[in-house]
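Colleague: This is data.cif, which holds mmCIF, C-alpha atoms:
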```cif
data_work
#
loop_
_atom_site.label_atom_id
_atom_site.label_comp_id
_atom_site.auth_asym_id
_atom_site.auth_seq_id
_atom_site.Cartn_x
_atom_site.Cartn_y
_atom_site.Cartn_z
CA MET R 1326 55.97 117.95 299.17
CA LEU R 1327 56.23 121.74 299.48
CA TYR R 1328 59.24 121.58 301.74
CA ASN R 1329 61.06 118.79 299.92
CA GLU R 1330 60.10 119.34 296.27
CA VAL R 1331 58.96 122.93 295.76
CA MET R 1332 61.01 125.12 298.08
CA PRO R 1333 64.40 123.81 296.88
CA ALA R 1334 63.58 125.25 293.43
CA PHE R 1335 63.50 128.73 295.00
CA LYS R 1336 66.32 128.40 297.54
CA THR R 1337 68.45 131.08 295.86
CA ASP R 1338 65.61 133.62 295.67
CA PRO R 1339 65.50 135.70 298.88
CA ARG R 1340 61.93 136.79 298.06
CA VAL R 1341 60.59 133.28 298.65
CA ASP R 1342 60.03 131.85 302.08
CA MET R 1343 57.60 129.32 303.45
CA LEU R 1344 55.90 129.66 306.80
CA PHE R 1345 54.08 126.55 308.00
CA GLN R 1346 51.06 127.32 310.14
CA ASN R 1347 49.35 124.63 312.18
CA VAL R 1348 45.60 124.55 311.46
CA PRO R 1349 44.01 121.75 313.49
CA GLN R 1350 40.55 120.84 312.30
CA PRO R 1351 38.27 120.07 315.25
CA TRP R 1352 35.86 117.99 313.16
CA HIS R 1353 38.79 115.54 312.90
CA PRO R 1354 39.78 115.34 316.59
CA GLN R 1355 42.92 113.39 315.80
CA SER R 1356 44.18 116.31 313.71
CA CYS R 1357 44.81 118.14 316.98
CA TYR R 1358 46.98 115.23 318.12
CA GLN R 1359 48.88 115.29 314.83
CA HIS R 1360 49.58 119.01 315.16
CA GLU R 1361 50.51 118.58 318.80
CA ALA R 1362 53.06 115.92 317.84
CA GLY R 1363 54.63 118.29 315.31
CA MET R 1364 54.71 121.08 317.88
CA ALA R 1365 56.28 118.72 320.42
CA VAL R 1366 59.08 118.04 317.96
CA LYS R 1367 59.50 121.78 317.48
CA LEU R 1368 59.96 122.18 321.24
CA VAL R 1369 62.47 119.33 321.38
CA ASP R 1370 64.51 120.27 318.28
CA GLU R 1371 63.13 122.98 316.00
CA SER R 1372 65.51 122.00 313.20
CA LYS R 1373 63.64 118.68 312.89
CA PHE R 1374 60.15 120.18 312.62
CA TYR R 1375 59.79 120.00 308.83
CA ALA R 1376 61.17 116.45 308.64
CA ALA R 1377 58.74 115.33 311.35
CA SER R 1378 55.83 117.18 309.74
CA SER R 1379 56.59 115.49 306.42
CA LYS R 1380 56.39 112.14 308.19
CA ILE R 1381 53.03 113.05 309.72
CA PHE R 1382 51.68 114.04 306.29
CA ALA R 1383 52.99 110.79 304.79
CA ALA R 1384 51.14 108.82 307.48
CA GLN R 1385 47.80 110.61 307.06
CA ASP R 1386 45.95 107.40 306.23
CA LYS R 1387 46.81 106.01 309.68
CA PHE R 1388 44.92 108.94 311.19
CA ALA R 1389 41.87 109.11 308.93
CA ASP R 1390 38.66 109.06 310.93
CA LYS R 1391 37.95 105.41 310.11
CA SER R 1392 41.52 104.35 310.89
CA CYS R 1393 41.78 105.69 314.42
CA ILE R 1394 38.19 105.83 315.65
CA ASP R 1395 38.94 103.29 318.38
CA MET R 1396 42.29 104.76 319.45
CA SER R 1397 42.61 106.69 322.70
CA ARG R 1398 44.41 110.02 322.85
CA ASN R 1399 47.47 108.37 324.37
CA GLN R 1400 47.45 105.64 321.74
CA CYS R 1401 47.45 108.34 319.05
CA TYR R 1402 50.34 110.13 320.76
CA ASP R 1403 52.25 106.86 321.02
CA SER R 1404 51.81 106.10 317.33
CA LEU R 1405 52.67 109.69 316.36
CA ALA R 1406 55.82 109.61 318.50
CA ASP R 1407 56.94 106.53 316.55
CA ILE R 1408 56.25 108.31 313.27
CA VAL R 1409 57.95 111.64 314.04
CA THR R 1410 61.06 110.04 315.50
CA ASP R 1411 61.59 107.38 312.82
CA GLY R 1412 64.71 108.49 310.98
CA THR R 1413 64.54 112.13 312.10
CA GLY R 1414 67.04 111.96 314.93
CA VAL R 1415 64.49 113.22 317.44
CA ASP R 1416 64.40 111.45 320.79
CA ARG R 1417 61.09 109.63 321.22
CA GLN R 1418 60.91 110.02 324.99
CA SER R 1419 61.52 113.76 324.69
CA VAL R 1420 58.53 114.03 322.32
CA MET R 1421 56.36 111.99 324.66
CA ASP R 1422 57.44 114.18 327.58
CA GLN R 1423 56.07 117.22 325.73
CA LEU R 1424 52.75 115.44 325.20
CA LYS R 1425 52.36 114.13 328.74
CA LEU R 1426 49.19 115.39 330.36
CA ASP R 1427 49.25 116.64 333.91
CA LYS R 1428 46.78 114.29 335.55
CA GLY R 1429 46.64 116.45 338.67
CA ASP R 1430 44.99 119.38 336.90
CA THR R 1431 41.83 118.73 334.95
CA SER R 1432 42.38 121.40 332.28
CA ILE R 1433 46.00 122.52 332.13
CA GLY R 1434 46.90 120.22 329.22
CA HIS R 1435 50.55 119.67 328.35
CA ASN R 1436 53.53 121.59 327.02
CA VAL R 1437 52.03 122.25 323.58
CA THR R 1438 48.49 123.10 324.69
CA LEU R 1439 49.14 126.85 324.70
CA MET R 1440 50.73 126.61 321.24
CA ILE R 1441 47.58 124.90 319.92
CA LYS R 1442 45.37 127.56 321.52
CA PHE R 1443 47.35 130.43 319.97
CA SER R 1444 47.37 128.69 316.60
CA ALA R 1445 43.59 128.23 316.67
CA LYS R 1446 43.04 131.84 317.74
CA TYR R 1447 45.35 133.18 315.02
CA HIS R 1448 43.47 131.32 312.30
CA ARG R 1449 40.03 132.15 313.63
CA VAL R 1450 40.90 135.85 313.48
CA ARG R 1451 42.07 135.45 309.87
CA GLY R 1452 38.97 133.47 308.89
CA VAL R 1453 40.87 130.25 308.14
CA HIS R 1454 38.62 127.24 308.63
CA VAL R 1455 39.80 124.57 306.19
CA THR R 1456 43.04 123.44 304.63
CA PRO R 1457 44.72 124.18 302.51
CA THR R 1458 44.27 127.88 302.98
CA VAL R 1459 47.24 129.58 301.43
CA PHE R 1460 48.33 133.18 301.74
CA LEU R 1461 50.85 134.61 299.30
CA ASN R 1462 52.23 137.97 300.38
CA GLY R 1463 49.41 138.15 302.92
CA VAL R 1464 46.63 137.66 300.35
CA GLU R 1465 44.58 134.49 300.29
CA ALA R 1466 45.10 132.38 297.16
CA PRO R 1467 41.74 130.60 296.87
CA ASP R 1468 42.73 128.71 293.72
CA VAL R 1469 45.27 126.56 295.58
CA GLY R 1470 44.07 123.01 296.12
CA SER R 1471 45.08 120.08 298.29
CA GLY R 1472 45.67 117.95 295.21
CA TRP R 1473 48.20 120.30 293.65
CA THR R 1474 51.37 118.84 292.24
CA ALA R 1475 54.84 120.24 292.83
CA GLU R 1476 54.76 121.68 289.30
CA GLN R 1477 51.51 123.56 290.00
CA TRP R 1478 53.05 125.07 293.14
CA LYS R 1479 56.17 126.11 291.24
CA GLU R 1480 54.06 127.73 288.52
CA LYS R 1481 52.01 129.65 291.09
CA ILE R 1482 55.07 130.91 292.97
CA THR R 1483 56.84 131.82 289.74
CA ALA R 1484 53.79 133.78 288.55
CA CYS R 1485 53.68 135.65 291.87
CA LEU R 1486 57.36 136.52 291.53
CA GLU R 1487 56.89 137.73 287.96
CA ASN R 1488 53.97 139.94 289.01
CA SER R 1489 55.74 141.17 292.12
CA LYS R 1490 57.41 144.54 292.45
CA LEU R 1491 59.76 143.13 295.10
#
```
Render the structure in this file as C-alpha cells.

Modeller:
Amino acid sequence: MLYNEVMPAFKTDPRVDMLFQNVPQPWHPQSCYQHEAGMAVKLVDESKFYAASSKIFAAQDKFADKSCIDMSRNQCYDSLADIVTDGTGVDRQSVMDQLKLDKGDTSIGHNVTLMIKFSAKYHRVRGVHVTPTVFLNGVEAPDVGSGWTAEQWKEKITACLENSKL
C-alpha cells in the first residue's frame, strides 16, 4: 500500500523517499522465509523488489502461523517463489537458485543468508523488535500503526513536510 498508493502522491517532492527495511520476526519463523524470498528477488532483479514485496504482503494469510505450520522450509520457498514471480517478470528458477541451501555445509545457508544476518543486526542495534516500526527523518514515529490507511500515511508525511525545515 505504501509503495503503490502513498508514495505516488509525493513523487514530485524530492524531500520524500521510502526505504524498505527487512525486519524478520523470529517468533514467526516463516517471516524469515518471506524476507528471504524478497531478498532473492532483489538479487535477481532489484527493479522488481517492490512488486514482489507487494505480492508477499498480499499473500500474508498463506503464511500465518496456522496456515503454514506443517510446511517445510523448502515448501515455503516453493510457494513464495510462485508468489513473487506471478506477474512480476522475475524468473522463478533464478529466485529458487538464490534460496538453494548448500547441503554440503551445515551452516553456510544460501545466497541471501548474509543479507538476513546484516538486516537483523542493523535492527537489533536500533532497538527495532516489532513491525511496523517507522522512522521519519531518523526519528521513530511510535504513533504509526499496522492498520493505517493510505490517507493516514499521507496525512503523517504531509505534516512532517510542513514541520520540516528542509

Colleague: Return as a PyMOL selection string the set of residues that the PyMOL selection byres ((chain R and resi 1442) around 12) yields on the displayed structure.

Modeller: chain R and resi 1347-1349+1357+1360-1361+1364+1433-1441+1443-1449

Colleague: So that I have them on file, write out the residues from the current selection with C-alpha atoms, as an mmCIF file, in the coordinates of the input.

Modeller:
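Contents of the output file selection.cif:
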```
data_model
loop_
_atom_site.group_PDB
_atom_site.id
_atom_site.type_symbol
_atom_site.label_atom_id
_atom_site.label_comp_id
_atom_site.auth_asym_id
_atom_site.auth_seq_id
_atom_site.Cartn_x
_atom_site.Cartn_y
_atom_site.Cartn_z
ATOM 1 C CA ASN R 1347 49.350 124.630 312.180
ATOM 2 C CA VAL R 1348 45.600 124.550 311.460
ATOM 3 C CA PRO R 1349 44.010 121.750 313.490
ATOM 4 C CA CYS R 1357 44.810 118.140 316.980
ATOM 5 C CA HIS R 1360 49.580 119.010 315.160
ATOM 6 C CA GLU R 1361 50.510 118.580 318.800
ATOM 7 C CA MET R 1364 54.710 121.080 317.880
ATOM 8 C CA ILE R 1433 46.000 122.520 332.130
ATOM 9 C CA GLY R 1434 46.900 120.220 329.220
ATOM 10 C CA HIS R 1435 50.550 119.670 328.350
ATOM 11 C CA ASN R 1436 53.530 121.590 327.020
ATOM 12 C CA VAL R 1437 52.030 122.250 323.580
ATOM 13 C CA THR R 1438 48.490 123.100 324.690
ATOM 14 C CA LEU R 1439 49.140 126.850 324.700
ATOM 15 C CA MET R 1440 50.730 126.610 321.240
ATOM 16 C CA ILE R 1441 47.580 124.900 319.920
ATOM 17 C CA PHE R 1443 47.350 130.430 319.970
ATOM 18 C CA SER R 1444 47.370 128.690 316.600
ATOM 19 C CA ALA R 1445 43.590 128.230 316.670
ATOM 20 C CA LYS R 1446 43.040 131.840 317.740
ATOM 21 C CA TYR R 1447 45.350 133.180 315.020
ATOM 22 C CA HIS R 1448 43.470 131.320 312.300
ATOM 23 C CA ARG R 1449 40.030 132.150 313.630
#
```

Colleague: Could you pull the residues within 12 Å of stretch 1395-1402 of chain R, counting only C-alpha atoms, minus those fewer than 6 positions along the same chain, as a PyMOL selection string?

Modeller: chain R and resi 1354-1363+1365+1381+1387-1389+1408-1410+1417-1418+1420-1426

Colleague: So, with only C-alpha atoms as the atoms that count, which of R:Gly1412, R:Asn1462, R:Leu1368, R:Gly1470 lies closest to R:Leu1486?

Modeller: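 Using only C-alpha atoms, the shortest distance to R:Leu1486 belongs to R:Asn1462.
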
Colleague: Would you mind telling me which residue in R:Gln1346, R:Ser1489, R:Phe1374, R:Ser1419 lies nearest to R:Val1459 when using all atoms listed in the file?

Modeller: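 Going through R:Gln1346, R:Ser1489, R:Phe1374, R:Ser1419 one by one, the smallest distance to R:Val1459 is for R:Gln1346.
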
Colleague: Residues at most 9 Å from R:Ala1376, counting only C-alpha atoms, excluding those fewer than 3 positions away in the same chain, as a list in words?

Modeller: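 Residues near the query, excluding close chain neighbours: Tyr1328, Ser1372, Lys1373, Ser1379, Lys1380, Ile1381, Val1409 and Thr1413 of chain R.
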
Colleague: Given the selection you just returned, output its residues as a file containing C-alpha atoms, formatted as an mmCIF file, in the frame of the given file.

Modeller:
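As a result, selection_14.cif now contains:
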```
data_model
loop_
_atom_site.group_PDB
_atom_site.id
_atom_site.type_symbol
_atom_site.label_atom_id
_atom_site.label_comp_id
_atom_site.auth_asym_id
_atom_site.auth_seq_id
_atom_site.Cartn_x
_atom_site.Cartn_y
_atom_site.Cartn_z
ATOM 1 C CA TYR R 1328 59.240 121.580 301.740
ATOM 2 C CA SER R 1372 65.510 122.000 313.200
ATOM 3 C CA LYS R 1373 63.640 118.680 312.890
ATOM 4 C CA SER R 1379 56.590 115.490 306.420
ATOM 5 C CA LYS R 1380 56.390 112.140 308.190
ATOM 6 C CA ILE R 1381 53.030 113.050 309.720
ATOM 7 C CA VAL R 1409 57.950 111.640 314.040
ATOM 8 C CA THR R 1413 64.540 112.130 312.100
#
```

Colleague: As an exercise, work out the distance from atom CA of R:Glu1476 to atom CA of R:Val1453 in Å and give it to one decimal place.

Modeller: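 Separating atom CA of R:Glu1476 from atom CA of R:Val1453 is a distance of 24.9 Å.
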
Colleague: If you measure from atom CA of R:Gly1452 to atom CA of R:His1353, what distance in Å do you get, rounded to one decimal?

Modeller: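 Spanning atom CA of R:Gly1452 to atom CA of R:His1353 is a straight-line distance of 18.4 Å.
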
Colleague: Atom CA of R:His1454 and atom CA of R:Ser1471 are how many Å apart?

Modeller: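 Separation between atom CA of R:His1454 and atom CA of R:Ser1471: 14.1 Å.
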
Colleague: Using all atoms listed in the file for the distances, tell me which of R:Ile1394, R:Ala1475, R:Ile1482, R:Leu1461 is nearest to R:Asp1338.

Modeller: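 Between R:Ile1394, R:Ala1475, R:Ile1482, R:Leu1461, the residue approaching R:Asp1338 most closely is R:Ile1482.
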
Colleague: So which one's closest to R:Gly1414, R:Gln1385, R:Ser1392, R:Tyr1375, R:Asp1370? Using all atoms listed in the file, please.

Modeller: R:Asp1370

Colleague: List every protein, DNA or RNA residue with an atom no more than 12 Å from (43.1, 128.3, 296.7) in the file's coordinates, counting only C-alpha atoms, and format the result as a PyMOL selection string.

Modeller: chain R and resi 1453+1455-1461+1464-1473+1477-1478+1481

Colleague: Once N, CA and C atoms are restored for stretch 1449-1461 of chain R, what would the output be as a compact mmCIF listing (two decimals), keeping the file's coordinate frame?

Modeller:
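Output contents, as saved in result09.txt:
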```txt
# COMPACT_ATOMS: atom_id res chain seq x y z
N ARG R 1449 41.42 131.69 313.51
CA ARG R 1449 40.03 132.15 313.63
C ARG R 1449 39.94 133.63 313.29
N VAL R 1450 40.88 134.41 313.76
CA VAL R 1450 40.90 135.85 313.48
C VAL R 1450 41.04 136.10 311.98
N ARG R 1451 41.84 135.28 311.31
CA ARG R 1451 42.07 135.45 309.87
C ARG R 1451 40.97 134.82 309.02
N GLY R 1452 40.05 134.10 309.63
CA GLY R 1452 38.97 133.47 308.89
C GLY R 1452 39.37 132.16 308.22
N VAL R 1453 40.42 131.52 308.70
CA VAL R 1453 40.87 130.25 308.14
C VAL R 1453 40.12 129.13 308.84
N HIS R 1454 39.41 128.32 308.04
CA HIS R 1454 38.62 127.24 308.63
C HIS R 1454 38.97 125.88 308.06
N VAL R 1455 39.47 125.84 306.83
CA VAL R 1455 39.80 124.57 306.19
C VAL R 1455 41.21 124.64 305.60
N THR R 1456 41.74 123.48 305.29
CA THR R 1456 43.04 123.44 304.63
C THR R 1456 42.89 122.76 303.28
N PRO R 1457 43.72 123.13 302.33
CA PRO R 1457 44.72 124.18 302.51
C PRO R 1457 44.12 125.57 302.34
N THR R 1458 44.52 126.46 303.17
CA THR R 1458 44.27 127.88 302.98
C THR R 1458 45.64 128.50 302.87
N VAL R 1459 45.91 129.08 301.74
CA VAL R 1459 47.24 129.58 301.43
C VAL R 1459 47.20 131.09 301.28
N PHE R 1460 48.17 131.74 301.89
CA PHE R 1460 48.33 133.18 301.74
C PHE R 1460 49.66 133.43 301.05
N LEU R 1461 49.63 134.20 299.99
CA LEU R 1461 50.85 134.61 299.30
C LEU R 1461 50.97 136.11 299.44
```
